[in-house]
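Trainee: Got a file for you: my_file_4.cif, mmCIF, C-alpha atoms.
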```
data_run
loop_
_atom_site.label_atom_id
_atom_site.label_comp_id
_atom_site.auth_asym_id
_atom_site.auth_seq_id
_atom_site.Cartn_x
_atom_site.Cartn_y
_atom_site.Cartn_z
CA MET A 712 -31.63 -73.09 -81.93
CA ALA A 713 -28.07 -74.03 -81.43
CA GLN A 714 -27.29 -75.42 -78.13
CA ILE A 715 -24.84 -73.56 -75.98
CA GLU A 716 -22.32 -75.86 -74.62
CA ASP A 717 -21.54 -75.26 -71.04
CA SER A 718 -18.39 -76.62 -69.60
CA GLY A 719 -18.53 -79.43 -67.20
CA GLY A 720 -21.88 -80.54 -68.30
CA GLY A 721 -20.73 -83.13 -70.78
CA HIS A 722 -22.71 -85.97 -69.36
CA LYS A 723 -26.04 -84.25 -69.90
CA LYS A 724 -25.80 -84.67 -73.59
CA GLY A 725 -26.44 -87.88 -75.22
CA PRO A 726 -23.69 -90.30 -76.06
CA GLY A 727 -23.80 -89.29 -79.73
CA VAL A 728 -22.98 -85.63 -79.09
CA LYS A 729 -19.33 -84.97 -79.80
CA LYS A 730 -17.55 -82.74 -77.35
CA ALA A 731 -15.63 -79.93 -79.08
CA LYS A 732 -11.97 -80.10 -78.31
CA LYS A 733 -10.89 -77.22 -76.10
CA LEU A 734 -8.00 -75.30 -77.62
CA SER A 735 -5.38 -73.77 -75.40
CA THR A 736 -5.55 -69.99 -75.19
CA ARG A 737 -1.84 -69.72 -74.63
CA VAL A 738 0.05 -68.10 -77.46
CA ASP A 739 3.74 -68.51 -77.78
CA MET A 740 4.99 -65.02 -77.08
CA THR A 741 8.69 -65.78 -77.39
CA PRO A 742 9.24 -64.15 -80.81
CA MET A 743 7.37 -61.05 -79.74
CA VAL A 744 9.41 -60.72 -76.57
CA ASP A 745 12.59 -61.29 -78.55
CA LEU A 746 11.69 -58.50 -80.88
CA GLY A 747 10.69 -56.29 -77.96
CA PHE A 748 14.06 -56.65 -76.34
CA LEU A 749 15.84 -56.10 -79.60
CA LEU A 750 14.05 -52.77 -79.94
CA ILE A 751 14.80 -51.83 -76.34
CA THR A 752 18.47 -52.46 -76.91
CA PHE A 753 18.39 -50.40 -80.08
CA PHE A 754 16.69 -47.43 -78.47
CA ILE A 755 18.88 -47.54 -75.38
CA PHE A 756 21.95 -47.29 -77.57
CA THR A 757 20.69 -44.58 -79.87
CA THR A 758 19.02 -42.34 -77.35
CA THR A 759 20.70 -39.23 -76.06
CA MET A 760 19.32 -38.63 -72.64
CA SER A 761 20.26 -35.12 -71.73
CA SER A 762 19.64 -32.56 -74.39
CA PRO A 763 22.26 -29.85 -74.57
CA LYS A 764 21.58 -26.52 -72.93
CA ALA A 765 22.49 -23.01 -73.93
CA LEU A 766 24.68 -20.85 -71.79
CA ASN A 767 24.14 -17.18 -72.44
CA LEU A 768 27.11 -14.97 -72.99
CA ASN A 769 26.92 -11.27 -73.61
CA MET A 770 30.00 -9.39 -74.67
CA PRO A 771 30.47 -5.65 -74.74
CA LYS A 772 31.05 -3.75 -77.90
CA ASP A 773 34.71 -3.08 -78.57
CA THR A 774 35.23 0.57 -77.99
CA LYS A 775 38.23 2.84 -78.00
CA ASN A 776 36.31 5.56 -76.23
CA GLU A 777 37.44 5.61 -72.61
CA GLU A 778 34.24 7.20 -71.39
CA GLU A 779 32.07 4.39 -72.63
CA LEU A 780 34.02 1.80 -70.70
CA ASN A 781 32.49 0.50 -67.52
CA LYS A 782 34.57 1.50 -64.58
CA ALA A 783 35.09 -1.03 -61.87
CA LYS A 784 35.85 -0.02 -58.34
CA GLU A 785 39.23 -1.28 -57.30
CA SER A 786 38.00 -2.45 -53.93
CA GLY A 787 35.37 -4.68 -55.52
CA ALA A 788 37.37 -6.15 -58.37
CA LEU A 789 38.58 -9.72 -58.53
CA THR A 790 40.65 -10.69 -61.52
CA ILE A 791 40.90 -14.36 -62.40
CA MET A 792 43.43 -15.57 -64.94
CA LEU A 793 43.32 -18.95 -66.60
CA GLY A 794 46.54 -20.57 -67.67
CA LYS A 795 48.04 -23.78 -68.90
CA ASP A 796 46.91 -27.19 -67.58
CA ASN A 797 43.76 -25.97 -65.80
CA SER A 798 45.69 -23.59 -63.61
CA VAL A 799 43.94 -20.58 -62.11
CA TYR A 800 45.51 -17.39 -60.77
CA TYR A 801 43.83 -14.42 -59.21
CA TYR A 802 44.39 -11.11 -57.55
CA GLU A 803 42.20 -8.55 -55.88
CA GLY A 804 42.03 -4.95 -57.00
CA GLN A 805 45.04 -3.86 -59.05
CA LEU A 806 48.00 -6.08 -59.71
CA ALA A 807 50.90 -4.85 -57.59
CA PRO A 808 53.95 -3.92 -59.69
CA ASP A 809 56.02 -6.55 -57.86
CA GLY A 810 53.23 -9.10 -58.26
CA SER A 811 52.90 -9.58 -54.51
CA ASN A 812 49.10 -9.94 -54.54
CA PHE A 813 49.18 -12.48 -57.34
CA LYS A 814 47.96 -15.83 -56.04
CA SER A 815 47.53 -19.34 -57.38
CA ALA A 816 44.38 -21.39 -57.05
CA THR A 817 42.71 -24.37 -58.64
CA PHE A 818 39.24 -24.88 -60.05
CA ALA A 819 38.31 -26.53 -56.78
CA THR A 820 39.38 -23.63 -54.58
CA ILE A 821 38.52 -20.62 -56.73
CA ARG A 822 34.86 -20.86 -55.76
CA ASP A 823 35.69 -20.13 -52.12
CA GLU A 824 37.81 -17.19 -53.18
CA ILE A 825 34.92 -15.76 -55.18
CA ILE A 826 32.51 -16.27 -52.29
CA ASN A 827 34.92 -14.73 -49.78
CA LYS A 828 35.53 -11.72 -51.96
CA LYS A 829 31.82 -11.28 -52.50
CA LYS A 830 31.17 -11.41 -48.76
CA GLU A 831 33.91 -8.88 -48.15
CA VAL A 832 32.49 -6.50 -50.74
CA MET A 833 29.00 -6.90 -49.31
CA LYS A 834 30.29 -6.17 -45.82
CA ASN A 835 32.04 -3.00 -46.91
CA HIS A 836 29.08 -1.71 -48.83
CA ILE A 837 28.22 1.91 -48.17
CA HIS A 838 24.68 2.97 -48.84
CA ASP A 839 24.14 5.87 -51.22
CA ASP A 840 21.35 7.33 -53.33
CA LYS A 841 21.92 4.88 -56.22
CA CYS A 842 20.71 1.97 -54.14
CA PRO A 843 16.92 2.57 -54.30
CA LYS A 844 17.12 2.25 -58.10
CA ILE A 845 18.77 -1.15 -57.82
CA TRP A 846 16.19 -2.23 -55.25
CA ALA A 847 13.42 -1.28 -57.65
CA GLU A 848 15.02 -3.37 -60.39
CA ASN A 849 15.12 -6.39 -58.07
CA LYS A 850 11.54 -6.27 -56.80
CA GLY A 851 12.45 -4.30 -53.69
CA ASP A 852 15.08 -6.76 -52.51
CA LYS A 853 17.20 -4.64 -50.17
CA ASN A 854 20.11 -7.06 -50.35
CA SER A 855 20.43 -6.61 -54.09
CA CYS A 856 22.45 -3.43 -53.71
CA LEU A 857 25.09 -4.91 -51.42
CA ASP A 858 27.20 -6.56 -54.12
CA ARG A 859 26.89 -3.61 -56.48
CA ASP A 860 30.64 -3.01 -56.56
CA PHE A 861 31.61 -6.64 -56.97
CA VAL A 862 33.11 -7.27 -60.39
CA VAL A 863 34.89 -10.37 -61.57
CA VAL A 864 37.20 -10.05 -64.54
CA ILE A 865 38.03 -13.27 -66.33
CA LYS A 866 41.21 -13.30 -68.35
CA PRO A 867 42.04 -16.52 -70.13
CA ASP A 868 45.51 -16.64 -71.67
CA GLU A 869 46.44 -18.38 -74.92
CA ASP A 870 47.03 -21.72 -73.19
CA ALA A 871 43.66 -21.83 -71.47
CA THR A 872 41.15 -24.30 -72.89
CA TYR A 873 37.61 -23.58 -73.89
CA LYS A 874 36.42 -25.82 -71.07
CA ASN A 875 38.24 -23.69 -68.49
CA THR A 876 36.67 -20.57 -69.93
CA VAL A 877 33.15 -21.97 -69.86
CA ASP A 878 33.67 -23.43 -66.39
CA MET A 879 34.67 -20.02 -65.12
CA LEU A 880 31.67 -18.36 -66.77
CA ASP A 881 29.53 -21.05 -65.19
CA GLU A 882 31.09 -20.27 -61.83
CA MET A 883 29.69 -16.76 -62.19
CA THR A 884 26.17 -18.16 -62.50
CA ILE A 885 26.73 -20.59 -59.65
CA ASN A 886 27.87 -17.88 -57.26
CA ASN A 887 25.37 -15.32 -58.49
CA VAL A 888 27.98 -12.81 -59.62
CA LYS A 889 25.97 -10.17 -61.39
CA ARG A 890 28.80 -8.24 -62.94
CA TYR A 891 31.57 -10.02 -64.74
CA ALA A 892 33.57 -9.50 -67.87
CA MET A 893 35.78 -11.60 -70.04
CA ILE A 894 38.68 -9.65 -71.45
CA ASP A 895 42.16 -10.22 -72.80
CA ILE A 896 45.07 -10.69 -70.52
CA THR A 897 47.51 -7.80 -70.32
CA PRO A 898 51.22 -8.32 -71.14
CA GLN A 899 52.14 -7.54 -67.55
CA GLU A 900 49.80 -10.21 -66.21
CA LEU A 901 50.90 -12.67 -68.84
CA GLU A 902 54.48 -12.21 -67.73
CA VAL A 903 53.62 -13.04 -64.12
CA VAL A 904 51.52 -16.04 -65.20
CA HIS A 905 54.37 -17.39 -67.32
CA ALA A 906 56.88 -16.82 -64.57
CA THR A 907 54.67 -18.68 -62.10
CA GLU A 908 54.09 -21.53 -64.51
CA LYS A 909 57.82 -21.80 -65.10
CA SER A 910 58.56 -21.96 -61.38
CA LEU A 911 55.98 -24.71 -61.02
CA GLY A 912 57.61 -26.57 -63.89
CA LYS A 913 54.71 -26.46 -66.32
CA MET B 732 9.19 -100.61 -51.04
CA PRO B 733 7.01 -98.03 -52.47
CA SER B 734 8.96 -95.59 -54.51
CA VAL B 735 8.34 -91.94 -53.67
CA LYS B 736 7.04 -90.22 -56.68
CA ILE B 737 8.34 -86.75 -57.09
CA PRO B 738 5.66 -84.66 -58.69
CA LYS B 739 6.89 -83.25 -61.93
CA LYS B 740 6.71 -79.50 -61.70
CA SER B 741 6.03 -77.48 -64.77
CA THR B 742 8.97 -75.47 -66.00
CA PHE B 743 6.62 -72.90 -67.40
CA VAL B 744 7.04 -69.51 -65.71
CA ASP B 745 4.48 -66.83 -66.16
CA MET B 746 6.35 -64.17 -68.10
CA THR B 747 3.48 -61.74 -68.45
CA PRO B 748 4.61 -59.13 -65.86
CA PHE B 749 8.12 -59.32 -67.22
CA VAL B 750 6.96 -58.72 -70.75
CA ASP B 751 4.72 -55.90 -69.54
CA VAL B 752 7.65 -54.12 -67.98
CA ALA B 753 9.83 -54.73 -71.02
CA PHE B 754 7.31 -53.13 -73.31
CA LEU B 755 6.84 -50.25 -70.93
CA ILE B 756 10.57 -49.55 -71.13
CA LEU B 757 10.42 -49.92 -74.88
CA THR B 758 7.62 -47.36 -75.09
CA PHE B 759 9.59 -44.99 -72.90
CA PHE B 760 12.68 -45.17 -75.05
CA ILE B 761 10.72 -44.76 -78.25
CA MET B 762 9.14 -41.63 -76.85
CA ALA B 763 12.32 -40.22 -75.35
CA THR B 764 14.57 -40.79 -78.33
CA LYS B 765 15.37 -37.94 -80.56
CA PHE B 766 17.57 -38.70 -83.46
CA LYS B 767 20.32 -36.26 -83.95
CA PRO B 768 21.78 -35.71 -87.36
CA PRO B 769 25.11 -37.40 -87.87
CA GLU B 770 27.80 -34.88 -87.31
CA PRO B 771 31.03 -35.02 -89.23
CA VAL B 772 33.05 -33.82 -86.28
CA GLU B 773 32.96 -35.11 -82.77
CA VAL B 774 32.73 -32.42 -80.13
CA THR B 775 32.60 -32.93 -76.39
CA THR B 776 31.04 -29.85 -74.91
CA PRO B 777 31.78 -28.57 -71.41
CA ASN B 778 29.13 -28.68 -68.69
CA SER B 779 27.20 -25.80 -67.25
CA VAL B 780 24.38 -25.28 -64.80
CA SER B 781 22.33 -23.46 -67.42
CA THR B 782 18.81 -24.74 -68.01
CA GLN B 783 17.95 -22.85 -71.14
CA GLU B 784 16.84 -24.90 -74.12
CA LEU B 785 18.66 -24.66 -77.41
CA PRO B 786 16.96 -23.25 -80.47
CA GLU B 787 16.55 -25.83 -83.21
CA SER B 788 16.06 -23.44 -86.03
CA ASN B 789 16.83 -19.87 -87.01
CA ALA B 790 20.31 -20.06 -85.64
CA LEU B 791 23.89 -20.05 -86.76
CA LEU B 792 26.05 -22.75 -85.32
CA ILE B 793 29.77 -22.32 -85.08
CA THR B 794 31.58 -25.47 -84.10
CA ILE B 795 35.10 -25.62 -82.77
CA ASP B 796 36.60 -29.10 -82.68
CA LYS B 797 39.37 -30.28 -80.42
CA GLU B 798 42.08 -29.30 -82.86
CA GLY B 799 40.70 -25.79 -83.00
CA LYS B 800 39.16 -26.12 -86.47
CA VAL B 801 36.14 -23.94 -87.02
CA TYR B 802 33.00 -25.04 -88.87
CA PHE B 803 30.01 -23.00 -89.85
CA THR B 804 26.41 -24.20 -90.04
CA VAL B 805 23.18 -22.43 -90.83
CA LEU B 806 20.20 -23.92 -89.03
CA SER B 807 16.92 -23.22 -90.78
CA GLU B 808 14.31 -25.95 -90.52
CA LYS B 809 11.39 -24.35 -92.26
CA ASP B 810 12.73 -21.97 -94.81
CA LYS B 811 15.23 -23.75 -97.02
CA THR B 812 15.59 -20.74 -99.31
CA ILE B 813 17.77 -19.20 -96.60
CA TYR B 814 20.51 -21.57 -97.71
CA ASP B 815 20.24 -20.39 -101.31
CA GLU B 816 20.37 -16.81 -100.22
CA VAL B 817 23.47 -17.37 -98.08
CA ILE B 818 25.39 -19.20 -100.77
CA ASN B 819 24.37 -16.69 -103.42
CA THR B 820 25.60 -13.82 -101.29
CA ILE B 821 28.87 -15.60 -100.60
CA ASN B 822 29.26 -16.52 -104.24
CA SER B 823 28.79 -13.04 -105.54
CA SER B 824 30.66 -11.18 -102.83
CA ARG B 825 33.69 -13.44 -102.99
CA ASN B 826 33.58 -14.14 -106.75
CA LEU B 827 33.71 -17.89 -106.32
CA GLY B 828 31.98 -18.79 -109.59
CA LEU B 829 29.89 -21.62 -108.17
CA THR B 830 27.61 -23.50 -110.53
CA ASP B 831 23.89 -23.90 -109.86
CA ALA B 832 24.38 -27.54 -108.94
CA GLU B 833 26.99 -26.61 -106.39
CA LYS B 834 24.72 -23.98 -104.93
CA ARG B 835 21.87 -26.48 -104.68
CA ASN B 836 24.17 -28.86 -102.90
CA TYR B 837 24.72 -26.31 -100.18
CA ARG B 838 21.20 -26.93 -98.90
CA LYS B 839 22.20 -30.40 -97.84
CA THR B 840 25.70 -29.54 -96.71
CA TYR B 841 25.60 -29.73 -92.93
CA MET B 842 28.71 -27.82 -92.11
CA VAL B 843 31.32 -25.85 -93.93
CA GLY B 844 34.80 -26.09 -92.53
CA VAL B 845 36.91 -24.91 -95.44
CA GLY B 846 38.11 -21.58 -96.69
CA PHE B 847 36.58 -19.87 -99.71
CA GLY B 848 39.34 -21.33 -101.87
CA GLN B 849 38.20 -24.89 -101.26
CA LEU B 850 34.48 -24.23 -101.04
CA LYS B 851 33.88 -25.16 -104.68
CA GLN B 852 35.69 -28.40 -104.14
CA LEU B 853 33.58 -29.20 -101.06
CA LEU B 854 30.29 -28.47 -102.79
CA ASP B 855 31.25 -30.71 -105.70
CA ILE B 856 31.05 -33.69 -103.40
CA PRO B 857 27.53 -35.07 -102.81
CA ALA B 858 26.29 -34.13 -99.34
CA GLU B 859 26.10 -37.75 -98.20
CA GLN B 860 29.80 -38.23 -98.79
CA GLN B 861 30.95 -35.00 -97.24
CA ASN B 862 31.10 -36.56 -93.82
CA ASN B 863 33.95 -38.76 -94.98
CA LEU B 864 35.93 -35.79 -96.08
CA LYS B 865 38.30 -34.32 -93.58
CA GLN B 866 37.70 -30.61 -93.66
CA THR B 867 40.60 -28.35 -92.88
CA GLY B 868 38.67 -25.85 -90.76
CA MET B 869 37.60 -22.39 -91.73
CA PRO B 870 40.52 -19.97 -91.76
CA ILE B 871 40.19 -17.63 -88.85
CA ASP B 872 42.46 -15.10 -87.24
CA THR B 873 42.20 -12.14 -84.92
CA THR B 874 40.55 -10.10 -87.65
CA GLY B 875 37.79 -12.65 -88.12
CA GLY B 876 38.82 -14.30 -91.37
CA ASP B 877 36.33 -16.10 -93.63
CA LEU B 878 33.86 -16.61 -90.83
CA THR B 879 33.05 -12.90 -90.80
CA TYR B 880 31.71 -13.10 -94.36
CA TRP B 881 29.63 -16.18 -93.65
CA VAL B 882 28.05 -14.59 -90.60
CA GLN B 883 27.44 -11.44 -92.59
CA ALA B 884 25.76 -13.36 -95.42
CA ALA B 885 23.61 -15.38 -93.03
CA LYS B 886 22.67 -12.33 -91.04
CA SER B 887 21.37 -10.56 -94.11
CA ALA B 888 19.52 -13.70 -95.27
CA PHE B 889 17.77 -13.95 -91.92
CA ALA B 890 16.99 -10.23 -91.83
CA GLY B 891 13.72 -9.59 -90.03
CA THR B 892 13.70 -12.81 -88.04
CA ARG B 893 15.22 -13.43 -84.67
CA LEU B 894 18.54 -15.12 -85.17
CA GLN B 895 20.53 -16.81 -82.46
CA TYR B 896 24.21 -17.49 -82.46
CA LEU B 897 25.37 -20.79 -81.09
CA VAL B 898 28.94 -21.61 -80.32
CA LYS B 899 29.75 -25.25 -79.77
CA GLY B 900 33.27 -25.68 -78.60
CA ASP B 901 35.20 -28.77 -77.65
CA ASN B 902 36.60 -29.06 -74.15
CA MET B 903 40.15 -29.27 -75.42
CA SER B 904 40.04 -26.38 -77.87
CA LYS B 905 42.08 -23.37 -76.90
CA TYR B 906 40.76 -20.01 -75.86
CA PRO B 907 42.31 -17.95 -78.71
CA VAL B 908 40.19 -19.78 -81.29
CA PHE B 909 37.09 -19.04 -79.28
CA LYS B 910 38.17 -15.43 -78.97
CA ASN B 911 38.64 -15.19 -82.74
CA VAL B 912 35.18 -16.66 -83.31
CA LEU B 913 33.70 -14.06 -80.99
CA GLY B 914 35.75 -11.47 -82.85
CA ALA B 915 34.18 -12.49 -86.15
CA LEU B 916 30.72 -12.24 -84.60
CA LYS B 917 31.50 -8.91 -82.99
CA LYS B 918 32.50 -7.55 -86.37
CA ASN B 919 28.93 -8.19 -87.45
CA ASP B 920 27.60 -6.34 -84.41
CA VAL B 921 26.58 -9.52 -82.67
CA TYR B 922 27.17 -9.38 -78.94
CA LYS B 923 24.86 -12.05 -77.57
CA TYR B 924 25.83 -15.67 -77.91
CA ASN B 925 24.62 -19.01 -76.71
CA LEU B 926 27.30 -21.49 -75.81
CA ILE B 927 26.23 -25.09 -76.18
CA THR B 928 26.91 -27.04 -73.02
CA ALA B 929 25.89 -30.29 -71.43
CA PRO B 930 23.69 -29.84 -68.37
CA GLU B 931 24.89 -30.41 -64.82
CA ASP B 932 23.44 -29.75 -61.39
CA ALA B 933 24.33 -26.74 -59.32
CA PRO B 934 26.94 -27.77 -56.73
CA SER B 935 25.36 -28.09 -53.30
CA GLY B 936 25.85 -25.27 -50.83
CA THR B 937 26.26 -22.58 -53.45
CA GLU B 938 23.97 -19.61 -53.92
CA LEU B 939 22.43 -20.99 -57.07
CA TYR B 940 21.76 -24.32 -55.37
CA GLU B 941 19.93 -22.61 -52.52
CA GLU B 942 17.99 -20.46 -54.92
CA ARG B 943 16.84 -23.43 -56.96
CA ARG B 944 15.93 -25.35 -53.84
CA ARG B 945 13.75 -22.51 -52.63
CA ALA B 946 12.08 -22.29 -56.02
CA ARG B 947 11.06 -25.95 -55.90
#
```
Translate the structure described by the file into structure tokens.

Mentor:
Amino acid sequence: MAQIEDSGGGHKKGPGVKKAKKLSTRVDMTPMVDLGFLLITFFIFTTTMSSPKALNLNMPKDTKNEEELNKAKESGALTIMLGKDNSVYYYEGQLAPDGSNFKSATFATIRDEIINKKKEVMKNHIHDDKCPKIWAENKGDKNSCLDRDFVVVIKPDEDATYKNTVDMLDEMTINNVKRYAMIDITPQELEVVHATEKSLGK
Amino acid sequence: MPSVKIPKKSTFVDMTPFVDVAFLILTFFIMATKFKPPEPVEVTTPNSVSTQELPESNALLITIDKEGKVYFTVLSEKDKTIYDEVINTINSSRNLGLTDAEKRNYRKTYMVGVGFGQLKQLLDIPAEQQNNLKQTGMPIDTTGGDLTYWVQAAKSAFAGTRLQYLVKGDNMSKYPVFKNVLGALKKNDVYKYNLITAPEDAPSGTELYEERRRAR
């Protein structure tokens, strides 16, 4: 039977027994590590971390029939217009013929305006028999009826960018505005927007 | 004088933990990477707080680049015959007189950004070289333009399956182009769209932020 060589016991064997040379178990890993890092670099550069997301947008059917159009209560309406160079304008209710309720804002301040308007609408809410139906739709949440009359109308003009439009739609999600619409700007509004832009030197 | 012998220290450092970590990172990146097809146009999408995933297949993609050029893409991973059906419909309804080879080439064509007049010319070029070609953008106006016919053809080809409509717009593109794209879709009785956006977090203090925090 072959003898099992145990380490450290060299002297037990006779002088004629040759001791097997112990090979190092260390392997040179440098090339492997090199390759590893090369791959890391490659994948870091090619990877796209955040996958794009889909933002839902529902548009109404174009209709000429006045009766089919959704009516918005004047007291709960906030109209936001998007103009040149990321400018934002808004007014509450109807636009006054002299444009006195037409105000300027920026993308940083419009959120507060939306929140304020929403709070105001919720405060002025008057309970009626349509409310229980809305509660039922929202799992009995009795606050769900409060902002029933709150409608935001988004009107980008021809100078507004796509980014502005999407940002404003996103703002609706952020502030939990349940009813909003994106429609074309009227000539009257466009006139005021252009006049304002001109006075600001844009 | 006895010289002080400085013991020679080995320069060998144990790299094992380092290599372990390196390979861990490598594994992570291999797993996380998803190769996207090379796109002929570069589009920087706006951000939104939306968390909905994008459909990979059974969708129509309409791309608007920063100059306002419109491109049309049919996304159908499994059923490649959809492409044949779309191009056949377009060919016959618009009398383009495309050859079979040109029609076959449409399967590999990633996006169409030319009017019907130049479509034949585009499909004559092998798909691999189309990316080098600068497409002029699909003609579109307030009445919908060529895009209306493409959407119509694709809609009928996908009949019976759920089809989603993706709009991928560049930050700098102007609103009227987007409006015209929506107009072309509306003409085909499509009123639900998915806008492709890059994700971002809900700004702190807002209603959505509070809602998401409660949900966690």

Trainee: What separation in Å, quoted to one decimal, exists between CA of Thr879 in chain B and CA of Ile793 in chain B?

Mentor: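 Straight-line distance from CA of Thr879 in chain B to CA of Ile793 in chain B works out to 11.5 Å.
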
Trainee: So that I can see what lies close to range 735-738 of chain A, please list as an NGL selection string the residues with an atom at most 12 Å from it, counting all atoms listed in the file and leaving out residues fewer than 2 positions away in the same chain.

Mentor: (:A and (732-733 or 740-744)) or (:B and (743 or 745-747))

Trainee: Excluding Lys830 in chain A and residues on its chain fewer than 4 positions from it, collect all residues at most 10 Å away from it, counting all atoms listed in the file, and give them as a PyMOL selection string.

Mentor: chain A and resi 824-826+834-836+857-858+861

Trainee: Can you list, as a PDB file with C-alpha atoms, keeping the file's coordinate frame, the residues that the PyMOL selection byres ((chain B) within 6 of (chain A)) selects here?

Mentor:
```
ATOM      1  CA  LEU B 757      10.420 -49.920 -74.880  1.00  0.00           C
ATOM      2  CA  PHE B 760      12.680 -45.170 -75.050  1.00  0.00           C
ATOM      3  CA  THR B 764      14.570 -40.790 -78.330  1.00  0.00           C
ATOM      4  CA  PRO B 777      31.780 -28.570 -71.410  1.00  0.00           C
ATOM      5  CA  SER B 779      27.200 -25.800 -67.250  1.00  0.00           C
ATOM      6  CA  SER B 781      22.330 -23.460 -67.420  1.00  0.00           C
ATOM      7  CA  THR B 782      18.810 -24.740 -68.010  1.00  0.00           C
ATOM      8  CA  GLN B 783      17.950 -22.850 -71.140  1.00  0.00           C
ATOM      9  CA  GLU B 784      16.840 -24.900 -74.120  1.00  0.00           C
ATOM     10  CA  LEU B 785      18.660 -24.660 -77.410  1.00  0.00           C
ATOM     11  CA  ASN B 902      36.600 -29.060 -74.150  1.00  0.00           C
ATOM     12  CA  MET B 903      40.150 -29.270 -75.420  1.00  0.00           C
ATOM     13  CA  SER B 904      40.040 -26.380 -77.870  1.00  0.00           C
ATOM     14  CA  LYS B 905      42.080 -23.370 -76.900  1.00  0.00           C
ATOM     15  CA  TYR B 906      40.760 -20.010 -75.860  1.00  0.00           C
ATOM     16  CA  PRO B 907      42.310 -17.950 -78.710  1.00  0.00           C
ATOM     17  CA  TYR B 922      27.170  -9.380 -78.940  1.00  0.00           C
ATOM     18  CA  LYS B 923      24.860 -12.050 -77.570  1.00  0.00           C
ATOM     19  CA  TYR B 924      25.830 -15.670 -77.910  1.00  0.00           C
ATOM     20  CA  ASN B 925      24.620 -19.010 -76.710  1.00  0.00           C
ATOM     21  CA  LEU B 926      27.300 -21.490 -75.810  1.00  0.00           C
ATOM     22  CA  ILE B 927      26.230 -25.090 -76.180  1.00  0.00           C
ATOM     23  CA  THR B 928      26.910 -27.040 -73.020  1.00  0.00           C
ATOM     24  CA  ALA B 929      25.890 -30.290 -71.430  1.00  0.00           C
ATOM     25  CA  GLU B 938      23.970 -19.610 -53.920  1.00  0.00           C
ATOM     26  CA  LEU B 939      22.430 -20.990 -57.070  1.00  0.00           C
TER      27      LEU B 939
END
```

Trainee: Name the residues captured by the PyMOL selection byres ((chain B and resi 800-803) around 8) when it is applied to the shown file; answer as an mmCIF file with C-alpha atoms, keeping the file's coordinate frame.

Mentor:
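Result file follows (part37.cif):
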```cif
data_model
loop_
_atom_site.group_PDB
_atom_site.id
_atom_site.type_symbol
_atom_site.label_atom_id
_atom_site.label_comp_id
_atom_site.auth_asym_id
_atom_site.auth_seq_id
_atom_site.Cartn_x
_atom_site.Cartn_y
_atom_site.Cartn_z
ATOM 1 C CA LEU B 791 23.890 -20.050 -86.760
ATOM 2 C CA LEU B 792 26.050 -22.750 -85.320
ATOM 3 C CA ILE B 793 29.770 -22.320 -85.080
ATOM 4 C CA THR B 794 31.580 -25.470 -84.100
ATOM 5 C CA ILE B 795 35.100 -25.620 -82.770
ATOM 6 C CA ASP B 796 36.600 -29.100 -82.680
ATOM 7 C CA LYS B 797 39.370 -30.280 -80.420
ATOM 8 C CA GLU B 798 42.080 -29.300 -82.860
ATOM 9 C CA GLY B 799 40.700 -25.790 -83.000
ATOM 10 C CA THR B 804 26.410 -24.200 -90.040
ATOM 11 C CA VAL B 805 23.180 -22.430 -90.830
ATOM 12 C CA MET B 842 28.710 -27.820 -92.110
ATOM 13 C CA VAL B 843 31.320 -25.850 -93.930
ATOM 14 C CA GLY B 844 34.800 -26.090 -92.530
ATOM 15 C CA VAL B 845 36.910 -24.910 -95.440
ATOM 16 C CA THR B 867 40.600 -28.350 -92.880
ATOM 17 C CA GLY B 868 38.670 -25.850 -90.760
ATOM 18 C CA MET B 869 37.600 -22.390 -91.730
ATOM 19 C CA PRO B 870 40.520 -19.970 -91.760
ATOM 20 C CA ILE B 871 40.190 -17.630 -88.850
ATOM 21 C CA LEU B 878 33.860 -16.610 -90.830
ATOM 22 C CA TRP B 881 29.630 -16.180 -93.650
#
```

Trainee: What's the 10 Å shell around Asp855 in chain B, counting all atoms listed in the file, without same-chain residues fewer than 5 positions away, as JSON, numbers by chain?

Mentor: {"B": [829, 830, 832, 833, 834, 836, 837, 850, 861]}
